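S.K.: I'd like to ask you about the structure that follows.
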Amino acid sequence: MTKMMATRDAYGEALKELGKVNEDIVVLDADLSGSTKTAVFKNEYPERFFNVGIAEQSLMGTAAGLATAGKIPFASTFAMFATGRAFEIIRNSICYPKLNVKIAATHAGLTVGEDGATHQSVEDLSLMRSVPNMTVLCPADAVEAKKSVIKASQYEGPVYIRLGRSKVPVIFNEDYDFEIGKGVEIKAGKDITIIATGVMVSKALEASEVLEKEGISARVINMSTIKPIDEDIIIKAAKETKKIVTVEEHNIIGGLGSAVAEVVVENNPVPMKRVGVEDTFGESGVADDVLEKYGLTVENIVNNVRELVSK
Amino acid sequence: MDKYKDIANKLRIDIIKMLEESKSGHPGGSLSACEILTALYFKEMNIDPANPHWEDRDRFVLSKGHGAPVLYAALAEKGYFPKEELNNLRKIDSMLQGHPDMKGTPGVDMTTGSLGQGLAAANGMALAGKLDNKDYKVYALIGDGEAQEGIIWEAAMLAAHYKLDNLIVFLDHNGLQIDGKNKDIMNIEPVDEKFKAFGWHVISIDGHDFEEIFNAIDEAKKVEGKPTMIIAKTIKGKGVSYMEDQVGWHGKAPSKEEAEKAMEELGGVLDD
């Protein structure tokens, strides 16, 4: 049985560890500490935890000020409010002066589920990717999430870490080596490459197994850094497998699919398909039902791959 | 006090020269804050221009970032960088951006310009000071128009909630904003009562009177458990007769002739 764990839970664990080894780590939340799991840090290091109330602009601005004084602030709230409500503070007060603020945003994507469209951020990767100086991470499972948070704390500069609410399969071992800016080939293949990010990576792996039975050899790449994107692994895939499908729990506009397409078109144009949210808002429902309805399924990945391979 | 009046006058001269040279920038709100910045940079703040990143220094955040010319004039006068740099305001390749850039300009403690954000950043600096048991003070200057931004009130709540008595903020209350008078565009009054209600220690002064500024800062330093808001009644465009209290001089540079007239009033000389 595959172990299941939400990436936000891994975030809480990582913060707890980091708090012990690095006195400069401070954590801020906007009244969602139980949900974002920053409460785990609060319980251990209450003097280094600041709840700013339901005030996301203040959250980001305060984090910026703390960073100017040598602190390493982790600012958390839901992805919708972090990147939407506070976008311009992130841009002007954090990214423009390249301050050492880490934005760990949870409940990203459709898998917020029941809360519905107002809370389902399908634009956050796009927004964060377009701001200069920002590094954008989207870990695939709990192991990678924890490693991302730790690596982000050691990196100097703004980092956006996209985390999820729902439990997702743990696909990596503890010895998995995460590096900012590096995509990882997690399954070999020669007919096509599936590049996936976040919670869709496990589904991409499942899809590749279905395809294998049909005689289609699909390479799977986990692209957990959306920016700076790993151009080398994309170009290599384009050259070797000549077809690419991207998969993300995000609008097909502006996120992983766009980032990969940019690299492909400029370096080695090959046919592509983007699996993701098709420029629409989500709706309430159990996470799996929402994913199903909006096409973020193993079946839809398989269909897109089949279609592209048969062309 | 004459010493400080002389410095404030020098800042005004430099502001006009800078803006005339760059043909761009915000004179009104720069001129209204000359006494406040003089008081901070030339008497109150514990700073070292040779070591702008000194970690125990007092901080200053110009939350109303369009007042950059007065900040640059003060920093140059204080010796953070050569005065000749002022000629490059808003020009390509210059370290003096249209709005303050902490990474580009020595002495600028926070990047600002988008209104309201500086106060939140000042909160972060003050929290860090508390966390590290440091004695430094964080000073900030906000505009009255700026007080219409929602983030100002988020930040106002936070500063009081976390008892940031190491935070001393000035409100440059000149009564005008780009489109007109505050009271016609979006009334902020009673702004003193608002900050009081938000849990701040509030002091109202004449923002062009050094004695009142110094006394207010002394009082603020003695306050325990609360941030202080010093509401400084000022005149936009102060010191240049034709700019005073004129909404049209919010964001317009003087022509050469206008600058020369200002120099006559201020006792300065335009460079060639």
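All residue names refer to the structure tokens as shown: chains lettered A, B, ... in order, residues numbered from 1 in each chain, ligands numbered from 1 in order.
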Report as a ChimeraX atom specification all protein, DNA and RNA residues lying within 12 Å of Leu40 in chain B, evaluated on only C-alpha atoms, omitting residues in the same chain fewer than 2 positions from it.
M.R.: /B:4,7-8,33-38,42-47,58-62,71,74-75,78,137-141,168-170,210,213-214,216-218
S.K.: Could you please take those selected residues and save N, CA and C atoms as a short mmCIF file (atom, residue, chain, number, x, y, z; two decimals), in the first residue's frame?
M.R.:
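As written to disk, part_9.cif reads:
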```cif
data_model
loop_
_atom_site.label_atom_id
_atom_site.label_comp_id
_atom_site.auth_asym_id
_atom_site.auth_seq_id
_atom_site.Cartn_x
_atom_site.Cartn_y
_atom_site.Cartn_z
N TYR B 4 19.56 73.22 12.01
CA TYR B 4 18.63 72.31 11.33
C TYR B 4 17.84 73.04 10.24
N ILE B 7 19.94 73.09 7.23
CA ILE B 7 19.99 71.80 6.52
C ILE B 7 18.69 71.59 5.73
N ALA B 8 17.56 71.85 6.38
CA ALA B 8 16.27 71.67 5.69
C ALA B 8 16.22 72.54 4.44
N ALA B 33 8.28 67.36 3.60
CA ALA B 33 8.90 66.46 4.58
C ALA B 33 10.34 66.84 4.94
N CYS B 34 10.79 68.02 4.52
CA CYS B 34 12.21 68.38 4.72
C CYS B 34 12.58 68.48 6.20
N GLU B 35 11.74 69.06 7.01
CA GLU B 35 12.07 69.19 8.44
C GLU B 35 12.08 67.81 9.10
N ILE B 36 11.12 66.96 8.72
CA ILE B 36 11.06 65.62 9.33
C ILE B 36 12.33 64.84 9.01
N LEU B 37 12.73 64.84 7.74
CA LEU B 37 13.93 64.08 7.39
C LEU B 37 15.20 64.70 7.97
N THR B 38 15.22 66.03 8.05
CA THR B 38 16.37 66.69 8.68
C THR B 38 16.48 66.26 10.15
N PHE B 42 19.74 64.10 10.83
CA PHE B 42 20.82 64.97 11.34
C PHE B 42 20.78 65.15 12.84
N LYS B 43 19.80 64.53 13.52
CA LYS B 43 19.81 64.57 14.98
C LYS B 43 19.44 63.23 15.59
N GLU B 44 18.34 62.67 15.18
CA GLU B 44 17.79 61.55 15.93
C GLU B 44 18.39 60.18 15.61
N MET B 45 18.61 59.92 14.35
CA MET B 45 18.94 58.53 14.00
C MET B 45 20.39 58.18 14.28
N ASN B 46 20.53 56.97 14.84
CA ASN B 46 21.83 56.41 15.15
C ASN B 46 22.29 55.63 13.92
N ILE B 47 23.05 56.31 13.05
CA ILE B 47 23.42 55.72 11.76
C ILE B 47 24.87 56.03 11.44
N ASP B 58 19.58 52.59 13.44
CA ASP B 58 18.16 52.94 13.30
C ASP B 58 17.79 52.84 11.83
N ARG B 59 16.56 52.49 11.57
CA ARG B 59 16.08 52.35 10.18
C ARG B 59 15.11 53.48 9.85
N PHE B 60 15.07 53.81 8.56
CA PHE B 60 14.05 54.74 8.09
C PHE B 60 13.41 54.18 6.83
N VAL B 61 12.09 54.13 6.83
CA VAL B 61 11.36 53.65 5.66
C VAL B 61 10.50 54.79 5.11
N LEU B 62 10.82 55.18 3.89
CA LEU B 62 10.01 56.22 3.24
C LEU B 62 8.84 55.51 2.55
N LEU B 71 14.56 62.18 0.38
CA LEU B 71 15.41 61.14 0.97
C LEU B 71 16.81 61.18 0.34
N ALA B 74 18.77 64.11 1.59
CA ALA B 74 19.25 63.91 2.95
C ALA B 74 20.42 62.93 2.99
N LEU B 75 20.31 61.85 2.22
CA LEU B 75 21.38 60.85 2.22
C LEU B 75 22.67 61.43 1.65
N LYS B 78 24.16 63.78 4.09
CA LYS B 78 24.72 63.02 5.22
C LYS B 78 26.02 62.31 4.82
N LYS B 137 15.72 51.84 16.65
CA LYS B 137 14.36 52.32 16.37
C LYS B 137 14.09 52.20 14.87
N VAL B 138 12.85 52.00 14.55
CA VAL B 138 12.44 52.03 13.15
C VAL B 138 11.55 53.24 12.96
N TYR B 139 11.98 54.12 12.08
CA TYR B 139 11.18 55.30 11.73
C TYR B 139 10.57 55.09 10.35
N ALA B 140 9.39 55.59 10.17
CA ALA B 140 8.77 55.52 8.85
C ALA B 140 8.00 56.81 8.59
N LEU B 141 7.86 57.13 7.33
CA LEU B 141 7.07 58.30 6.93
C LEU B 141 6.00 57.84 5.95
N ILE B 168 8.37 54.31 15.24
CA ILE B 168 7.90 55.70 15.31
C ILE B 168 7.59 56.16 13.89
N VAL B 169 6.34 56.46 13.65
CA VAL B 169 5.91 56.78 12.29
C VAL B 169 5.45 58.24 12.21
N PHE B 170 5.83 58.90 11.14
CA PHE B 170 5.32 60.24 10.85
C PHE B 170 4.27 60.15 9.76
N PHE B 210 10.87 72.49 14.22
CA PHE B 210 11.84 71.52 14.74
C PHE B 210 11.63 71.19 16.21
N ILE B 213 8.94 68.74 16.47
CA ILE B 213 9.36 67.42 15.95
C ILE B 213 10.24 66.71 16.98
N PHE B 214 11.23 67.44 17.50
CA PHE B 214 12.15 66.82 18.47
C PHE B 214 11.40 66.38 19.73
N ALA B 216 8.29 65.59 19.98
CA ALA B 216 7.43 64.44 19.68
C ALA B 216 8.26 63.15 19.66
N ILE B 217 9.44 63.22 19.07
CA ILE B 217 10.28 62.02 19.02
C ILE B 217 10.72 61.62 20.43
N ASP B 218 11.08 62.62 21.25
CA ASP B 218 11.44 62.31 22.65
C ASP B 218 10.29 61.61 23.36
#
```
S.K.: Show which residues sit within 7 Å of Met125 in chain B, as a list of chain:residue names. Count only C-alpha atoms, and ignore same-chain residues fewer than 4 positions away.
M.R.: A:Gly65, A:Leu66, A:Thr68, A:Ala69, B:Ala121, B:Gly129, B:Val138
S.K.: Counting only C-alpha atoms, which residues from chain B have an atom at most 12 Å from any atom of chain A, and could you show them as a count of residues only?
M.R.: 60
S.K.: When DSSP works through the backbone of this structure, what residues of range 119-269 of chain B end up as helix (DSSP H, G or I), shown as a PyMOL selection string?
M.R.: chain B and resi 119-131+146-148+150-161+182-185+191-197+210-222+247-249+256-266
S.K.: Taking the chain letters and numbering used in this document, name the residues of range 30-265 of chain B that DSSP puts in strand (DSSP E), as a VMD selection string.
M.R.: chain B and resid 59 to 62 138 to 143 167 to 173 176 to 177 180 to 181 201 to 206 228 to 233
S.K.: Would you pick out the contacts of Arg129 in chain A at 9 Å or less, using only C-alpha atoms, so that residues sharing its chain but fewer than 6 positions from it are not included, and give the list as a tab-separated table (two decimals) with all heavy atoms, in the first residue's frame?
M.R.:
```tsv
chain	number	residue	atom	x	y	z
A	135	THR	N	11.96	32.38	-7.49
A	135	THR	CA	12.16	30.96	-7.77
A	135	THR	C	10.85	30.25	-7.42
A	135	THR	O	10.24	30.57	-6.39
A	135	THR	CB	13.32	30.42	-6.92
A	135	THR	OG1	14.53	31.01	-7.39
A	135	THR	CG2	13.43	28.91	-7.01
A	136	VAL	N	10.41	29.34	-8.27
A	136	VAL	CA	9.10	28.72	-8.08
A	136	VAL	C	9.24	27.19	-7.99
A	136	VAL	O	9.72	26.55	-8.92
A	136	VAL	CB	8.14	29.09	-9.24
A	136	VAL	CG1	6.78	28.45	-9.03
A	136	VAL	CG2	8.01	30.61	-9.36
A	226	ILE	N	9.60	25.08	-11.28
A	226	ILE	CA	8.95	25.69	-12.45
A	226	ILE	C	9.80	26.85	-12.95
A	226	ILE	O	9.80	27.19	-14.12
A	226	ILE	CB	7.53	26.18	-12.08
A	226	ILE	CG1	6.70	25.03	-11.50
A	226	ILE	CG2	6.84	26.79	-13.28
A	226	ILE	CD1	6.46	23.87	-12.44
A	227	LYS	N	10.53	27.47	-12.03
A	227	LYS	CA	11.43	28.57	-12.42
A	227	LYS	C	12.59	28.63	-11.44
A	227	LYS	O	12.35	28.67	-10.24
A	227	LYS	CB	10.68	29.88	-12.41
A	227	LYS	CG	11.52	31.05	-12.89
A	227	LYS	CD	10.78	32.35	-12.67
A	227	LYS	CE	11.67	33.52	-13.02
A	227	LYS	NZ	11.03	34.79	-12.72
A	228	PRO	N	13.84	28.62	-11.87
A	228	PRO	CA	14.25	28.52	-13.28
A	228	PRO	C	14.02	27.10	-13.79
A	228	PRO	O	14.40	26.14	-13.14
A	228	PRO	CB	15.75	28.84	-13.22
A	228	PRO	CG	16.18	28.44	-11.84
A	228	PRO	CD	15.00	28.70	-10.96
A	254	GLY	N	0.14	29.68	-18.72
A	254	GLY	CA	1.07	30.36	-17.82
A	254	GLY	C	1.85	29.51	-16.85
A	254	GLY	O	2.79	30.00	-16.23
A	255	GLY	N	1.50	28.23	-16.70
A	255	GLY	CA	2.20	27.41	-15.71
A	255	GLY	C	3.26	26.53	-16.34
A	255	GLY	O	4.03	26.97	-17.19
A	259	ALA	N	5.73	27.05	-19.60
A	259	ALA	CA	7.17	27.13	-19.37
A	259	ALA	C	7.91	26.12	-20.26
A	259	ALA	O	8.95	26.44	-20.86
A	259	ALA	CB	7.48	26.88	-17.90
```
S.K.: So which one's closest to Glu84 in chain B, B:Asp271, B:Asn166, B:Ile185, B:Ile235? Using only C-alpha atoms, please.
M.R.: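 Among B:Asp271, B:Asn166, B:Ile185, B:Ile235, it is B:Asp271 that comes nearest to Glu84 in chain B.
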S.K.: Need the shell around Thr38 in chain A: protein/DNA/RNA residues with any atom at most 12 Å away, counting only C-alpha atoms. Skip same-chain ones fewer than 2 positions apart. Format as a PyMOL selection string?
M.R.: chain A and resi 8-16+19+26-36+40-46+48-51+73-78+103-106
S.K.: Based on the selection just made, write C-alpha atoms of those residues as a PDB file, in the first residue's frame.
M.R.:
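Contents of the output file out.pdb:
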```pdb
ATOM      1  CA  ARG A   8       1.529  20.712   3.617  1.00  0.00           C
ATOM      2  CA  ASP A   9       2.149  18.162   6.371  1.00  0.00           C
ATOM      3  CA  ALA A  10       5.701  17.759   5.135  1.00  0.00           C
ATOM      4  CA  TYR A  11       6.043  21.540   5.279  1.00  0.00           C
ATOM      5  CA  GLY A  12       5.125  21.547   8.953  1.00  0.00           C
ATOM      6  CA  GLU A  13       7.688  18.838   9.651  1.00  0.00           C
ATOM      7  CA  ALA A  14      10.384  20.671   7.714  1.00  0.00           C
ATOM      8  CA  LEU A  15       9.721  23.896   9.587  1.00  0.00           C
ATOM      9  CA  LYS A  16      10.014  22.122  12.889  1.00  0.00           C
ATOM     10  CA  GLY A  19      13.585  25.941  13.549  1.00  0.00           C
ATOM     11  CA  VAL A  26      10.776  32.964  11.487  1.00  0.00           C
ATOM     12  CA  VAL A  27       7.294  31.959  10.394  1.00  0.00           C
ATOM     13  CA  LEU A  28       4.301  34.136   9.593  1.00  0.00           C
ATOM     14  CA  ASP A  29       0.749  33.118   8.944  1.00  0.00           C
ATOM     15  CA  ALA A  30      -2.542  34.847   8.223  1.00  0.00           C
ATOM     16  CA  ASP A  31      -4.967  32.977  10.485  1.00  0.00           C
ATOM     17  CA  LEU A  32      -4.574  29.636   8.776  1.00  0.00           C
ATOM     18  CA  SER A  33      -1.795  28.095  10.835  1.00  0.00           C
ATOM     19  CA  GLY A  34      -3.752  24.941  11.550  1.00  0.00           C
ATOM     20  CA  SER A  35      -4.386  24.408   7.838  1.00  0.00           C
ATOM     21  CA  THR A  36      -1.002  25.491   6.499  1.00  0.00           C
ATOM     22  CA  VAL A  40       3.670  22.869  14.118  1.00  0.00           C
ATOM     23  CA  PHE A  41       6.423  25.513  14.188  1.00  0.00           C
ATOM     24  CA  LYS A  42       4.395  27.814  16.429  1.00  0.00           C
ATOM     25  CA  ASN A  43       4.090  25.108  19.050  1.00  0.00           C
ATOM     26  CA  GLU A  44       7.861  24.588  19.123  1.00  0.00           C
ATOM     27  CA  TYR A  45       9.080  28.154  18.690  1.00  0.00           C
ATOM     28  CA  PRO A  46       6.252  30.510  19.678  1.00  0.00           C
ATOM     29  CA  ARG A  48       9.521  33.180  16.295  1.00  0.00           C
ATOM     30  CA  PHE A  49       5.979  32.774  15.018  1.00  0.00           C
ATOM     31  CA  PHE A  50       3.825  35.739  14.043  1.00  0.00           C
ATOM     32  CA  ASN A  51       0.164  35.534  13.206  1.00  0.00           C
ATOM     33  CA  PRO A  73      10.786  34.459   6.996  1.00  0.00           C
ATOM     34  CA  PHE A  74       8.464  31.714   5.799  1.00  0.00           C
ATOM     35  CA  ALA A  75       5.124  33.353   5.026  1.00  0.00           C
ATOM     36  CA  SER A  76       2.161  31.055   4.669  1.00  0.00           C
ATOM     37  CA  THR A  77      -1.453  31.191   3.687  1.00  0.00           C
ATOM     38  CA  PHE A  78      -3.509  29.570   0.942  1.00  0.00           C
ATOM     39  CA  ILE A 103       6.368  31.994   0.507  1.00  0.00           C
ATOM     40  CA  ALA A 104       5.032  28.539   1.289  1.00  0.00           C
ATOM     41  CA  ALA A 105       1.497  28.536  -0.028  1.00  0.00           C
ATOM     42  CA  THR A 106      -0.789  25.633   0.694  1.00  0.00           C
TER      43      THR A 106
END
```
S.K.: What's around Val298 in chain A at 12 Å? Count only C-alpha atoms, leave out sequence neighbours fewer than 3 positions away in its own chain, and write the answer as a PDB file with N, CA and C atoms, in the first residue's frame.
M.R.:
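File result-v7.pdb, as written:
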```pdb
ATOM      1  N   ILE A 194       6.353  12.629 -20.742  1.00  0.00           N
ATOM      2  CA  ILE A 194       5.336  13.311 -19.927  1.00  0.00           C
ATOM      3  C   ILE A 194       6.091  14.124 -18.888  1.00  0.00           C
ATOM      4  N   ALA A 196       5.539  16.365 -15.712  1.00  0.00           N
ATOM      5  CA  ALA A 196       4.477  16.664 -14.750  1.00  0.00           C
ATOM      6  C   ALA A 196       5.045  17.419 -13.566  1.00  0.00           C
ATOM      7  N   VAL A 199       1.125  17.496  -7.602  1.00  0.00           N
ATOM      8  CA  VAL A 199       0.331  16.308  -7.301  1.00  0.00           C
ATOM      9  C   VAL A 199       0.037  15.468  -8.550  1.00  0.00           C
ATOM     10  N   MET A 200       0.300  16.007  -9.733  1.00  0.00           N
ATOM     11  CA  MET A 200       0.027  15.256 -10.953  1.00  0.00           C
ATOM     12  C   MET A 200       1.155  14.297 -11.329  1.00  0.00           C
ATOM     13  N   VAL A 201       2.268  14.370 -10.612  1.00  0.00           N
ATOM     14  CA  VAL A 201       3.400  13.505 -10.962  1.00  0.00           C
ATOM     15  C   VAL A 201       3.038  12.031 -10.750  1.00  0.00           C
ATOM     16  N   SER A 202       2.380  11.750  -9.645  1.00  0.00           N
ATOM     17  CA  SER A 202       2.039  10.341  -9.394  1.00  0.00           C
ATOM     18  C   SER A 202       1.054   9.835 -10.439  1.00  0.00           C
ATOM     19  N   LYS A 203       0.170  10.726 -10.887  1.00  0.00           N
ATOM     20  CA  LYS A 203      -0.790  10.321 -11.928  1.00  0.00           C
ATOM     21  C   LYS A 203      -0.070  10.110 -13.268  1.00  0.00           C
ATOM     22  N   ALA A 204       0.945  10.917 -13.523  1.00  0.00           N
ATOM     23  CA  ALA A 204       1.724  10.760 -14.754  1.00  0.00           C
ATOM     24  C   ALA A 204       2.445   9.409 -14.734  1.00  0.00           C
ATOM     25  N   LEU A 205       2.929   9.030 -13.577  1.00  0.00           N
ATOM     26  CA  LEU A 205       3.593   7.728 -13.456  1.00  0.00           C
ATOM     27  C   LEU A 205       2.606   6.593 -13.723  1.00  0.00           C
ATOM     28  N   GLU A 206       1.426   6.729 -13.124  1.00  0.00           N
ATOM     29  CA  GLU A 206       0.386   5.713 -13.360  1.00  0.00           C
ATOM     30  C   GLU A 206       0.039   5.628 -14.828  1.00  0.00           C
ATOM     31  N   ALA A 207      -0.077   6.791 -15.454  1.00  0.00           N
ATOM     32  CA  ALA A 207      -0.417   6.829 -16.888  1.00  0.00           C
ATOM     33  C   ALA A 207       0.656   6.109 -17.700  1.00  0.00           C
ATOM     34  N   SER A 208       1.889   6.321 -17.328  1.00  0.00           N
ATOM     35  CA  SER A 208       2.980   5.700 -18.088  1.00  0.00           C
ATOM     36  C   SER A 208       2.911   4.172 -17.990  1.00  0.00           C
ATOM     37  N   GLU A 209       2.416   3.689 -16.847  1.00  0.00           N
ATOM     38  CA  GLU A 209       2.286   2.234 -16.698  1.00  0.00           C
ATOM     39  C   GLU A 209       1.163   1.686 -17.574  1.00  0.00           C
ATOM     40  N   VAL A 210       0.061   2.420 -17.623  1.00  0.00           N
ATOM     41  CA  VAL A 210      -1.033   2.025 -18.515  1.00  0.00           C
ATOM     42  C   VAL A 210      -0.543   2.004 -19.965  1.00  0.00           C
ATOM     43  N   LEU A 211       0.205   3.054 -20.321  1.00  0.00           N
ATOM     44  CA  LEU A 211       0.689   3.180 -21.706  1.00  0.00           C
ATOM     45  C   LEU A 211       1.676   2.065 -22.056  1.00  0.00           C
ATOM     46  N   VAL A 247       1.718  18.026 -17.683  1.00  0.00           N
ATOM     47  CA  VAL A 247       0.580  17.753 -16.805  1.00  0.00           C
ATOM     48  C   VAL A 247       0.707  18.557 -15.518  1.00  0.00           C
ATOM     49  N   GLU A 248      -0.309  19.337 -15.217  1.00  0.00           N
ATOM     50  CA  GLU A 248      -0.260  20.182 -14.025  1.00  0.00           C
ATOM     51  C   GLU A 248      -1.660  20.433 -13.472  1.00  0.00           C
ATOM     52  N   VAL A 275      -1.855  19.113 -20.520  1.00  0.00           N
ATOM     53  CA  VAL A 275      -2.971  18.644 -19.698  1.00  0.00           C
ATOM     54  C   VAL A 275      -2.993  19.501 -18.444  1.00  0.00           C
ATOM     55  N   GLY A 276      -4.154  20.081 -18.153  1.00  0.00           N
ATOM     56  CA  GLY A 276      -4.281  20.931 -16.981  1.00  0.00           C
ATOM     57  C   GLY A 276      -5.689  21.467 -16.930  1.00  0.00           C
ATOM     58  N   ASP A 288     -10.981  14.438  -5.421  1.00  0.00           N
ATOM     59  CA  ASP A 288     -10.872  13.504  -6.554  1.00  0.00           C
ATOM     60  C   ASP A 288     -11.974  13.726  -7.585  1.00  0.00           C
ATOM     61  N   LEU A 291     -10.981  16.809  -9.594  1.00  0.00           N
ATOM     62  CA  LEU A 291      -9.912  16.459 -10.542  1.00  0.00           C
ATOM     63  C   LEU A 291     -10.499  15.692 -11.739  1.00  0.00           C
ATOM     64  N   GLU A 292     -11.361  14.776 -11.426  1.00  0.00           N
ATOM     65  CA  GLU A 292     -11.996  13.944 -12.455  1.00  0.00           C
ATOM     66  C   GLU A 292     -12.763  14.815 -13.451  1.00  0.00           C
ATOM     67  N   TYR A 294     -12.502  17.927 -14.127  1.00  0.00           N
ATOM     68  CA  TYR A 294     -11.716  18.901 -14.896  1.00  0.00           C
ATOM     69  C   TYR A 294     -10.560  18.253 -15.663  1.00  0.00           C
ATOM     70  N   GLY A 295     -10.607  16.946 -15.759  1.00  0.00           N
ATOM     71  CA  GLY A 295      -9.675  16.254 -16.657  1.00  0.00           C
ATOM     72  C   GLY A 295      -8.288  16.015 -16.102  1.00  0.00           C
ATOM     73  N   ILE A 301      -4.594  11.859 -19.200  1.00  0.00           N
ATOM     74  CA  ILE A 301      -3.174  11.897 -19.592  1.00  0.00           C
ATOM     75  C   ILE A 301      -2.927  10.830 -20.657  1.00  0.00           C
ATOM     76  N   VAL A 302      -3.440   9.624 -20.389  1.00  0.00           N
ATOM     77  CA  VAL A 302      -3.261   8.518 -21.324  1.00  0.00           C
ATOM     78  C   VAL A 302      -3.845   8.884 -22.702  1.00  0.00           C
ATOM     79  N   ASN A 303      -5.046   9.441 -22.694  1.00  0.00           N
ATOM     80  CA  ASN A 303      -5.685   9.811 -23.969  1.00  0.00           C
ATOM     81  C   ASN A 303      -4.873  10.844 -24.736  1.00  0.00           C
ATOM     82  N   ASN A 304      -4.368  11.830 -24.025  1.00  0.00           N
ATOM     83  CA  ASN A 304      -3.569  12.864 -24.687  1.00  0.00           C
ATOM     84  C   ASN A 304      -2.283  12.292 -25.264  1.00  0.00           C
ATOM     85  N   VAL A 305      -1.667  11.389 -24.509  1.00  0.00           N
ATOM     86  CA  VAL A 305      -0.438  10.754 -25.002  1.00  0.00           C
ATOM     87  C   VAL A 305      -0.746   9.917 -26.252  1.00  0.00           C
TER      88      VAL A 305
END
```
S.K.: Using only C-alpha atoms, determine which residues lie at most 9 Å from Tyr80 in chain B, disregarding the query and same-chain residues fewer than 4 positions distant; provide the list as a list in words.
M.R.: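 Residues near the query, excluding close chain neighbours: Asp48, Pro49, Ala50, Asn51, Pro52, Ala74, Leu75, Ala76, Thr105, Pro106 and Gly107 of chain B.
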S.K.: Let's have the selection written as a short mmCIF file (atom, residue, chain, number, x, y, z; two decimals), in the first residue's frame, with all heavy atoms.
M.R.:
```cif
data_model
loop_
_atom_site.label_atom_id
_atom_site.label_comp_id
_atom_site.auth_asym_id
_atom_site.auth_seq_id
_atom_site.Cartn_x
_atom_site.Cartn_y
_atom_site.Cartn_z
N ASP B 48 25.41 55.28 10.50
CA ASP B 48 26.80 55.49 10.08
C ASP B 48 26.86 55.42 8.56
O ASP B 48 26.79 54.34 7.98
CB ASP B 48 27.68 54.40 10.70
CG ASP B 48 29.13 54.52 10.26
OD1 ASP B 48 29.46 55.53 9.58
OD2 ASP B 48 29.91 53.61 10.58
N PRO B 49 26.98 56.58 7.91
CA PRO B 49 27.00 56.59 6.44
C PRO B 49 28.11 55.73 5.85
O PRO B 49 27.98 55.26 4.71
CB PRO B 49 27.22 58.07 6.10
CG PRO B 49 26.75 58.81 7.31
CD PRO B 49 27.05 57.93 8.49
N ALA B 50 29.18 55.49 6.62
CA ALA B 50 30.27 54.66 6.10
C ALA B 50 29.90 53.17 6.17
O ALA B 50 30.56 52.34 5.55
CB ALA B 50 31.55 54.91 6.90
N ASN B 51 28.87 52.89 6.93
CA ASN B 51 28.48 51.49 7.11
C ASN B 51 26.95 51.40 7.04
O ASN B 51 26.27 51.17 8.04
CB ASN B 51 29.00 51.00 8.47
CG ASN B 51 28.78 49.52 8.66
OD1 ASN B 51 28.35 48.81 7.74
ND2 ASN B 51 29.05 49.04 9.86
N PRO B 52 26.42 51.56 5.81
CA PRO B 52 24.96 51.67 5.67
C PRO B 52 24.20 50.41 6.10
O PRO B 52 23.00 50.49 6.38
CB PRO B 52 24.74 51.96 4.19
CG PRO B 52 26.03 51.74 3.51
CD PRO B 52 27.11 51.77 4.53
N ALA B 74 18.77 64.11 1.59
CA ALA B 74 19.25 63.91 2.95
C ALA B 74 20.42 62.93 2.99
O ALA B 74 21.42 63.15 3.69
CB ALA B 74 18.11 63.40 3.84
N LEU B 75 20.31 61.85 2.22
CA LEU B 75 21.38 60.85 2.22
C LEU B 75 22.67 61.43 1.65
O LEU B 75 23.77 61.17 2.17
CB LEU B 75 20.95 59.61 1.41
CG LEU B 75 19.82 58.77 2.01
CD1 LEU B 75 19.40 57.66 1.03
CD2 LEU B 75 20.22 58.14 3.36
N ALA B 76 22.54 62.23 0.60
CA ALA B 76 23.74 62.84 0.00
C ALA B 76 24.36 63.84 0.97
O ALA B 76 25.58 63.87 1.18
CB ALA B 76 23.38 63.53 -1.32
N THR B 105 20.83 52.00 -3.81
CA THR B 105 21.22 53.27 -3.23
C THR B 105 21.68 53.09 -1.78
O THR B 105 20.89 52.66 -0.94
CB THR B 105 20.03 54.25 -3.24
OG1 THR B 105 19.45 54.26 -4.55
CG2 THR B 105 20.47 55.66 -2.90
N PRO B 106 22.94 53.43 -1.48
CA PRO B 106 23.42 53.30 -0.09
C PRO B 106 22.58 54.16 0.85
O PRO B 106 22.30 55.32 0.55
CB PRO B 106 24.86 53.83 -0.15
CG PRO B 106 25.23 53.84 -1.59
CD PRO B 106 23.97 53.98 -2.38
N GLY B 107 22.16 53.59 1.94
CA GLY B 107 21.40 54.34 2.93
C GLY B 107 19.90 54.14 2.84
O GLY B 107 19.18 54.47 3.78
#
```
S.K.: Might you pull out every residue within 10 Å of Ala237 in chain A, with only C-alpha atoms counted and same-chain residues fewer than 5 positions away left off, and present them as number ranges by chain?
M.R.: A: 185, 189-195, 219-221, 231-232, 242-244, 264, 268, 270
S.K.: I'd like to know which of B:Glu224, B:Glu212, B:Asp144, B:Asp206 is closest to Lys163 in chain B, using only C-alpha atoms.
M.R.: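 Smallest separation from Lys163 in chain B among the options: B:Glu224.
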S.K.: May I ask for the distance between CA of Thr241 in chain A and CA of Val277 in chain A, given in Å to one decimal place?
M.R.: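 Value for the CA of Thr241 in chain A-CA of Val277 in chain A distance: 24.8 Å.
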